[in-house]
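The file upload-v4.tsv contains TSV, C-alpha atoms and all ligand atoms:
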chain	number	residue	atom	x	y	z
A	1377	MET	CA	3.07	-20.48	-2.97
A	1378	ASN	CA	6.45	-20.66	-4.72
A	1379	PRO	CA	9.35	-19.78	-2.41
A	1380	PRO	CA	10.98	-16.63	-3.80
A	1381	ALA	CA	14.62	-17.82	-3.22
A	1382	GLY	CA	16.82	-14.73	-2.93
A	1383	LYS	CA	14.31	-12.33	-4.41
A	1384	ALA	CA	14.18	-8.74	-3.18
A	1385	ALA	CA	11.23	-6.45	-2.50
A	1386	LEU	CA	10.84	-2.73	-1.79
A	1387	VAL	CA	7.83	-1.73	0.33
A	1388	THR	CA	7.02	1.99	0.57
A	1389	GLY	CA	5.41	3.23	3.75
A	1390	GLY	CA	6.80	0.02	5.22
A	1391	ALA	CA	7.53	1.41	8.68
A	1392	GLN	CA	3.96	1.23	9.96
A	1393	GLY	CA	0.54	-0.26	9.40
A	1394	ILE	CA	-0.25	-2.32	6.30
A	1395	GLY	CA	3.22	-1.68	4.87
A	1396	ARG	CA	4.96	-2.97	7.98
A	1397	ALA	CA	2.75	-6.07	8.09
A	1398	THR	CA	3.47	-6.66	4.41
A	1399	ALA	CA	7.22	-6.30	4.93
A	1400	ALA	CA	7.04	-8.78	7.83
A	1401	ARG	CA	4.99	-11.25	5.75
A	1402	LEU	CA	7.33	-11.07	2.76
A	1403	ALA	CA	10.39	-11.49	5.01
A	1404	ALA	CA	8.76	-14.53	6.65
A	1405	ASP	CA	8.15	-15.94	3.16
A	1406	GLY	CA	11.88	-15.65	2.39
A	1407	TRP	CA	12.07	-12.32	0.55
A	1408	ARG	CA	14.86	-9.83	1.25
A	1409	VAL	CA	12.91	-6.68	2.09
A	1410	ALA	CA	13.65	-2.95	2.07
A	1411	ILE	CA	11.19	-0.54	3.66
A	1412	ALA	CA	11.10	3.09	2.51
A	1413	ASP	CA	9.37	5.65	4.70
A	1414	ASN	CA	9.50	9.35	5.55
A	1415	ASP	CA	8.92	8.84	9.29
A	1416	ALA	CA	12.38	8.39	10.84
A	1417	GLU	CA	11.05	7.37	14.26
A	1418	ALA	CA	8.78	4.69	12.75
A	1419	LEU	CA	11.62	3.44	10.53
A	1420	ALA	CA	13.91	2.99	13.54
A	1421	GLU	CA	11.21	1.12	15.48
A	1422	ALA	CA	10.39	-1.15	12.53
A	1423	ARG	CA	14.05	-1.98	11.99
A	1424	SER	CA	14.52	-3.02	15.61
A	1425	ALA	CA	11.27	-5.02	15.66
A	1426	HIS	CA	11.99	-6.90	12.42
A	1427	ALA	CA	15.66	-7.87	12.16
A	1428	GLY	CA	16.94	-8.05	8.61
A	1429	LEU	CA	14.78	-5.32	7.07
A	1430	LEU	CA	16.73	-2.68	5.14
A	1431	ALA	CA	15.33	0.67	6.33
A	1432	LEU	CA	15.53	3.57	3.87
A	1433	ALA	CA	14.60	7.18	4.56
A	1434	CYS	CA	12.49	8.28	1.59
A	1435	ASP	CA	9.74	10.72	0.72
A	1436	VAL	CA	7.90	9.08	-2.19
A	1437	SER	CA	6.57	12.44	-3.39
A	1438	GLU	CA	10.13	13.70	-4.10
A	1439	GLU	CA	11.84	12.31	-7.22
A	1440	ALA	CA	15.43	12.66	-5.97
A	1441	SER	CA	14.50	10.92	-2.73
A	1442	VAL	CA	12.85	8.02	-4.61
A	1443	ALA	CA	15.77	7.67	-7.02
A	1444	GLY	CA	18.19	7.51	-4.08
A	1445	ALA	CA	16.18	4.89	-2.16
A	1446	VAL	CA	15.74	2.67	-5.21
A	1447	ARG	CA	19.47	2.92	-5.94
A	1448	GLU	CA	20.32	1.96	-2.34
A	1449	ALA	CA	17.95	-1.04	-2.36
A	1450	ALA	CA	19.23	-2.29	-5.72
A	1451	GLN	CA	22.85	-1.92	-4.58
A	1452	ALA	CA	22.21	-3.71	-1.28
A	1453	PHE	CA	20.33	-6.63	-2.86
A	1454	GLY	CA	21.92	-6.71	-6.33
A	1455	ARG	CA	18.41	-7.03	-7.81
A	1456	LEU	CA	14.82	-5.92	-7.33
A	1457	ASP	CA	11.93	-8.30	-7.98
A	1458	ALA	CA	8.98	-6.58	-6.35
A	1459	LEU	CA	7.69	-3.12	-5.55
A	1460	VAL	CA	4.82	-2.55	-3.13
A	1461	ASN	CA	3.51	1.00	-3.40
A	1462	ASN	CA	1.82	1.33	-0.04
A	1463	ALA	CA	2.93	4.75	1.30
A	1464	GLY	CA	0.04	7.09	1.75
A	1465	ILE	CA	-1.52	9.81	3.84
A	1466	THR	CA	-4.73	8.28	5.15
A	1467	GLY	CA	-8.08	9.74	6.09
A	1468	ALA	CA	-10.06	12.80	5.14
A	1469	ALA	CA	-8.29	16.10	4.46
A	1470	GLY	CA	-9.12	19.69	5.08
A	1471	GLY	CA	-12.82	19.45	5.90
A	1472	PRO	CA	-15.50	20.66	3.46
A	1473	LEU	CA	-14.65	21.24	-0.20
A	1474	GLU	CA	-15.00	24.99	0.20
A	1475	SER	CA	-12.15	25.07	2.74
A	1476	LEU	CA	-9.91	22.37	1.23
A	1477	THR	CA	-6.69	24.18	0.39
A	1478	LEU	CA	-4.75	23.55	-2.79
A	1479	ALA	CA	-1.70	22.80	-0.64
A	1480	GLU	CA	-3.56	20.00	1.21
A	1481	TRP	CA	-4.94	18.63	-2.08
A	1482	ASN	CA	-1.42	18.60	-3.57
A	1483	ARG	CA	0.05	16.97	-0.45
A	1484	ARG	CA	-2.33	14.00	-0.72
A	1485	ILE	CA	-1.96	13.66	-4.48
A	1486	GLY	CA	1.82	13.93	-4.09
A	1487	SER	CA	2.25	11.14	-1.56
A	1488	ASN	CA	-0.62	8.87	-2.61
A	1489	LEU	CA	-0.52	9.12	-6.42
A	1490	THR	CA	2.63	10.87	-7.67
A	1491	GLY	CA	4.63	8.63	-5.33
A	1492	VAL	CA	3.37	5.55	-7.18
A	1493	PHE	CA	4.41	7.03	-10.52
A	1494	LEU	CA	7.87	7.96	-9.21
A	1495	THR	CA	8.70	4.61	-7.61
A	1496	ALA	CA	7.41	2.67	-10.64
A	1497	LYS	CA	9.48	4.90	-12.94
A	1498	HIS	CA	12.68	4.42	-10.95
A	1499	CYS	CA	12.20	0.68	-10.36
A	1500	ALA	CA	11.11	-0.14	-13.92
A	1501	ALA	CA	14.53	-1.13	-15.29
A	1502	GLN	CA	15.31	-3.38	-12.31
A	1503	LEU	CA	11.86	-5.01	-12.44
A	1504	ARG	CA	12.02	-5.61	-16.19
A	1505	ALA	CA	15.39	-7.32	-15.72
A	1506	THR	CA	14.02	-9.74	-13.12
A	1507	ARG	CA	10.51	-10.12	-14.69
A	1508	GLY	CA	9.17	-8.77	-11.43
A	1509	ALA	CA	5.86	-7.43	-10.17
A	1510	ILE	CA	4.31	-4.30	-8.67
A	1511	VAL	CA	1.40	-4.13	-6.24
A	1512	ASN	CA	-0.15	-0.73	-5.56
A	1513	VAL	CA	-2.32	-0.08	-2.51
A	1514	ALA	CA	-5.40	1.99	-3.33
A	1515	SER	CA	-8.61	1.95	-1.25
A	1516	THR	CA	-12.30	1.15	-1.47
A	1517	ARG	CA	-12.57	4.95	-1.41
A	1518	ALA	CA	-11.57	4.77	-5.07
A	1519	LEU	CA	-15.03	3.22	-5.55
A	1520	GLN	CA	-17.29	4.95	-3.00
A	1521	SER	CA	-17.12	8.01	-0.75
A	1522	GLU	CA	-18.11	9.82	2.40
A	1523	PRO	CA	-18.40	13.63	2.30
A	1524	HIS	CA	-15.18	15.70	2.46
A	1525	THR	CA	-12.79	13.07	1.11
A	1526	GLU	CA	-12.13	14.61	-2.34
A	1527	ALA	CA	-8.31	14.61	-2.24
A	1528	TYR	CA	-7.95	11.13	-0.78
A	1529	SER	CA	-10.59	9.54	-3.03
A	1530	ALA	CA	-9.18	11.19	-6.14
A	1531	SER	CA	-5.66	10.06	-5.27
A	1532	LYS	CA	-6.83	6.46	-4.86
A	1533	GLY	CA	-8.94	6.50	-8.03
A	1534	GLY	CA	-5.78	7.65	-9.75
A	1535	VAL	CA	-3.86	4.72	-8.31
A	1536	VAL	CA	-6.39	2.24	-9.74
A	1537	ALA	CA	-6.12	3.83	-13.21
A	1538	LEU	CA	-2.34	4.15	-13.00
A	1539	THR	CA	-2.21	0.42	-12.20
A	1540	HIS	CA	-3.71	-0.66	-15.53
A	1541	ALA	CA	-1.69	1.95	-17.43
A	1542	LEU	CA	1.54	0.62	-15.89
A	1543	ALA	CA	0.47	-2.97	-16.58
A	1544	MET	CA	0.21	-2.14	-20.29
A	1545	SER	CA	3.49	-0.19	-20.40
A	1546	LEU	CA	5.61	-2.61	-18.36
A	1547	GLY	CA	4.21	-5.89	-19.69
A	1548	PRO	CA	5.03	-8.56	-20.58
A	1549	GLU	CA	8.06	-8.41	-18.28
A	1550	VAL	CA	6.37	-6.83	-15.26
A	1551	ARG	CA	2.90	-7.53	-13.84
A	1552	VAL	CA	1.16	-4.63	-12.09
A	1553	ASN	CA	-1.86	-5.04	-9.81
A	1554	CYS	CA	-3.69	-3.07	-7.18
A	1555	VAL	CA	-5.24	-3.96	-3.80
A	1556	SER	CA	-8.06	-1.81	-2.42
A	1557	PRO	CA	-8.47	-2.36	1.31
A	1558	GLY	CA	-11.60	-1.47	3.22
A	1559	TRP	CA	-11.47	-0.77	6.96
A	1560	ILE	CA	-8.19	-2.24	8.22
A	1561	ASP	CA	-7.35	-1.82	11.91
A	1562	VAL	CA	-3.66	-0.91	11.69
A	1563	ARG	CA	-3.31	0.67	15.15
A	1564	ALA	CA	-1.24	-2.17	16.63
A	1565	TRP	CA	1.23	-1.99	13.71
A	1566	ARG	CA	2.08	1.67	14.20
A	1567	LYS	CA	5.05	3.23	15.97
A	1568	GLY	CA	4.75	3.57	19.76
A	1569	ALA	CA	3.64	7.19	19.66
A	1570	ARG	CA	0.69	6.31	17.38
A	1571	ARG	CA	-0.03	2.79	18.69
A	1572	ASP	CA	-3.48	2.02	20.11
A	1573	VAL	CA	-4.80	-1.42	21.00
A	1574	ALA	CA	-8.15	-0.46	22.55
A	1575	PRO	CA	-10.75	-2.93	21.28
A	1576	LEU	CA	-13.16	-1.90	18.55
A	1577	SER	CA	-16.88	-2.20	19.28
A	1578	ALA	CA	-19.01	-5.24	18.50
A	1579	ALA	CA	-20.95	-3.08	16.03
A	1580	ASP	CA	-17.73	-2.14	14.21
A	1581	HIS	CA	-17.12	-5.83	13.53
A	1582	ALA	CA	-20.73	-6.94	13.00
A	1583	GLN	CA	-21.42	-4.48	10.16
A	1584	HIS	CA	-18.96	-6.38	7.98
A	1585	PRO	CA	-20.39	-9.35	6.00
A	1586	VAL	CA	-17.43	-11.47	7.21
A	1587	GLY	CA	-18.18	-10.48	10.83
A	1588	ARG	CA	-15.01	-8.53	11.62
A	1589	VAL	CA	-12.93	-5.47	10.76
A	1590	GLY	CA	-9.89	-6.17	8.59
A	1591	ARG	CA	-6.35	-6.80	9.76
A	1592	PRO	CA	-3.11	-5.69	8.10
A	1593	GLU	CA	-2.29	-9.38	7.62
A	1594	ASP	CA	-5.39	-9.75	5.40
A	1595	VAL	CA	-3.98	-7.21	2.95
A	1596	ALA	CA	-0.43	-8.56	3.25
A	1597	ALA	CA	-1.66	-12.02	2.24
A	1598	MET	CA	-3.26	-10.68	-0.95
A	1599	ILE	CA	-0.12	-8.69	-1.78
A	1600	ALA	CA	2.09	-11.75	-1.18
A	1601	TRP	CA	-0.04	-13.81	-3.56
A	1602	LEU	CA	-0.07	-11.12	-6.26
A	1603	LEU	CA	3.74	-10.97	-6.10
A	1604	SER	CA	4.07	-14.74	-6.38
A	1605	ASP	CA	4.44	-16.82	-9.53
A	1606	GLU	CA	0.99	-18.28	-8.83
A	1607	ALA	CA	-0.44	-14.93	-9.98
A	1608	GLY	CA	1.48	-15.10	-13.28
A	1609	PHE	CA	-1.69	-14.69	-15.40
A	1610	VAL	CA	-2.99	-11.71	-13.41
A	1611	THR	CA	-2.17	-8.11	-14.30
A	1612	GLY	CA	-3.81	-4.69	-14.48
A	1613	GLN	CA	-6.46	-5.60	-11.90
A	1614	ASN	CA	-7.82	-4.08	-8.71
A	1615	PHE	CA	-8.59	-6.52	-5.85
A	1616	VAL	CA	-10.95	-5.34	-3.12
A	1617	VAL	CA	-10.10	-6.67	0.38
A	1618	ASP	CA	-12.90	-5.25	2.53
A	1619	GLY	CA	-14.77	-8.09	4.25
A	1620	GLY	CA	-17.60	-7.62	1.75
A	1621	MET	CA	-18.51	-4.04	2.70
A	1622	THR	CA	-18.64	-2.70	-0.86
A	1623	ARG	CA	-21.00	-5.56	-1.81
A	1624	LYS	CA	-23.43	-4.84	1.03
A	1625	MET	CA	-26.73	-3.19	0.13
A	1626	ILE	CA	-27.74	-0.67	2.79
A	1627	TYR	CA	-31.28	0.59	3.49
A	1628	VAL	CA	-32.15	2.60	6.58
A	1629	GLU	CA	-35.11	0.93	8.32
B	1701	LIG	N1	-5.94	1.31	7.16
B	1701	LIG	C1	-6.96	1.33	6.34
B	1701	LIG	O1	-8.14	1.15	6.74
B	1701	LIG	C2	-6.74	1.58	4.85
B	1701	LIG	C3	-7.85	1.42	4.01
B	1701	LIG	C4	-7.69	1.62	2.65
B	1701	LIG	C5	-6.44	1.97	2.14
B	1701	LIG	N2	-5.39	2.13	2.99
B	1701	LIG	C6	-4.10	2.50	2.38
B	1701	LIG	O2	-3.10	1.62	2.84
B	1701	LIG	C7	-1.84	2.30	2.88
B	1701	LIG	C8	-1.25	2.14	4.27
B	1701	LIG	O3	-2.13	2.74	5.21
B	1701	LIG	P1	-2.05	2.47	6.77
B	1701	LIG	O4	-3.44	2.46	7.28
B	1701	LIG	O5	-1.17	1.31	7.04
B	1701	LIG	O6	-1.40	3.86	7.25
B	1701	LIG	P2	-0.20	4.19	8.27
B	1701	LIG	O7	-0.31	5.66	8.49
B	1701	LIG	O8	-0.24	3.28	9.44
B	1701	LIG	O9	1.09	3.87	7.42
B	1701	LIG	C9	1.42	4.62	6.28
B	1701	LIG	C10	2.93	4.75	6.20
B	1701	LIG	O10	3.24	5.51	5.02
B	1701	LIG	C11	4.23	6.46	5.34
B	1701	LIG	N3	4.19	7.59	4.41
B	1701	LIG	C12	3.19	8.51	4.25
B	1701	LIG	N4	3.54	9.42	3.33
B	1701	LIG	C13	4.77	9.06	2.88
B	1701	LIG	C14	5.66	9.61	1.93
B	1701	LIG	N5	5.36	10.74	1.23
B	1701	LIG	N6	6.83	8.98	1.69
B	1701	LIG	C15	7.16	7.87	2.39
B	1701	LIG	N7	6.37	7.30	3.32
B	1701	LIG	C16	5.18	7.90	3.56
B	1701	LIG	C17	3.93	6.86	6.79
B	1701	LIG	O11	5.06	7.44	7.44
B	1701	LIG	C18	3.51	5.52	7.39
B	1701	LIG	O12	4.61	4.83	7.97
B	1701	LIG	C19	-2.12	3.76	2.50
B	1701	LIG	O13	-1.84	3.96	1.14
B	1701	LIG	C20	-3.62	3.89	2.78
B	1701	LIG	O14	-4.20	4.91	1.99
B	1701	LIG	C21	-5.50	1.94	4.34

Please lay out the structure from this file as structure tokens.
Amino acid sequence: MNPPAGKAALVTGGAQGIGRATAARLAADGWRVAIADNDAEALAEARSAHAGLLALACDVSEEASVAGAVREAAQAFGRLDALVNNAGITGAAGGPLESLTLAEWNRRIGSNLTGVFLTAKHCAAQLRATRGAIVNVASTRALQSEPHTEAYSASKGGVVALTHALAMSLGPEVRVNCVSPGWIDVRAWRKGARRDVAPLSAADHAQHPVGRVGRPEDVAAMIAWLLSDEAGFVTGQNFVVDGGMTRKMIYVE
């Protein structure tokens, strides 16, 4: 992979989980990295665990907050070459459809989908100037569902569609792609109060065609490649990183 020599990246939701692993991977590859997150405690822990990260308090669902964080990152680095839109509220929301409140629906759409629009909007000028790249993090739940996941699934389906819309609007200067993770065990990459390293069961791993549950590093590796010059002919796409689960045919015996 081409070394990015002085390039700068902004990773939203970078204080925990997949975002934190991605920030660590990009920093190890030589990127200057800013993480933007709305969890102050997690931001402080991430900053002390990974020296050199620029930690920015930011709620991606609020336009003024996004504009401020992007400004701070661009001022600190003097440029912006990559945006990773990873921030998101995970998991099911609000129980059955009949009791899902509009407020809970809007909260998920706000952080998971509107946040991607806002950060792309406010980073666009910087990214055009550097011929940079965006990677959005959606989910395999954009493609398939369990009951009672309407808000989350809709937000992630929106991220996949927004990805190809942005690729058309920001090209040819900026490439825009999407990664859809399956089950990724992020518990060890969370702040202390949310950390959990209890082993998963053998059945959890065995149900995956690759024989194991995913790791944050699996997603970070795909993101790192999509941001690199090696992916220069790739834009507008959604890449599923799920150990084969969405390709597995399931019949109950
Ligand atoms: N872990 C999985 O199995 C999985 C699977 C598919 C998709 N994803 C997606 O990957 C992304 C990361 O998930 P994770 O599992 O690492 O979760 P996580 O909860 O460990 O980390 C998410 C981070 O985003 C931050 N965040 C949430 N809302 C925010 C907001 N409005 N503004 C700023 N920061 C905000 C949180 O504070 C947290 O630090 C999410 O978009 C999630 O939907 C995760």

| said: Hey, which residues sit close to ligand LIG 1701 (chain B)? Say within 8 Å, counting only C-alpha atoms and all ligand atoms, and write them as a VMD selection string. | reply: chain A and resid 1388 to 1396 1412 to 1415 1418 to 1419 1433 to 1438 1461 to 1467 1486 to 1488 1491 1513 to 1517 1528 1532 1556 to 1563 1565 to 1566 1590 1592

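Coordinates place CA of Lys1497 in chain A at a distance of 23.4 Å from CA of Met1598 in chain A.
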
| task | Show which residues sit within 10 Å of range 1547-1549 of chain A, as number ranges by chain. Count only C-alpha atoms, and ignore same-chain residues fewer than 4 positions away. | result | A: 1500, 1503-1509, 1542-1543, 1611-1612

| query | With all atoms listed in the file as the basis for distance, which of A:Cys1499, A:Met1621, A:Ala1564, A:Ala1385 is at the shortest distance from Asp1580 in chain A? | reply |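 Ranking A:Cys1499, A:Met1621, A:Ala1564, A:Ala1385 by distance to Asp1580 in chain A, first place goes to A:Met1621.
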
| Looking at all atoms listed in the file, which of A:Ala1450, A:Ile1411, A:Leu1494, A:Val1552 is the one that sits closest to Ala1607 in chain A? |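 Of A:Ala1450, A:Ile1411, A:Leu1494, A:Val1552, the one nearest Ala1607 in chain A, counting all atoms listed in the file, is A:Val1552.
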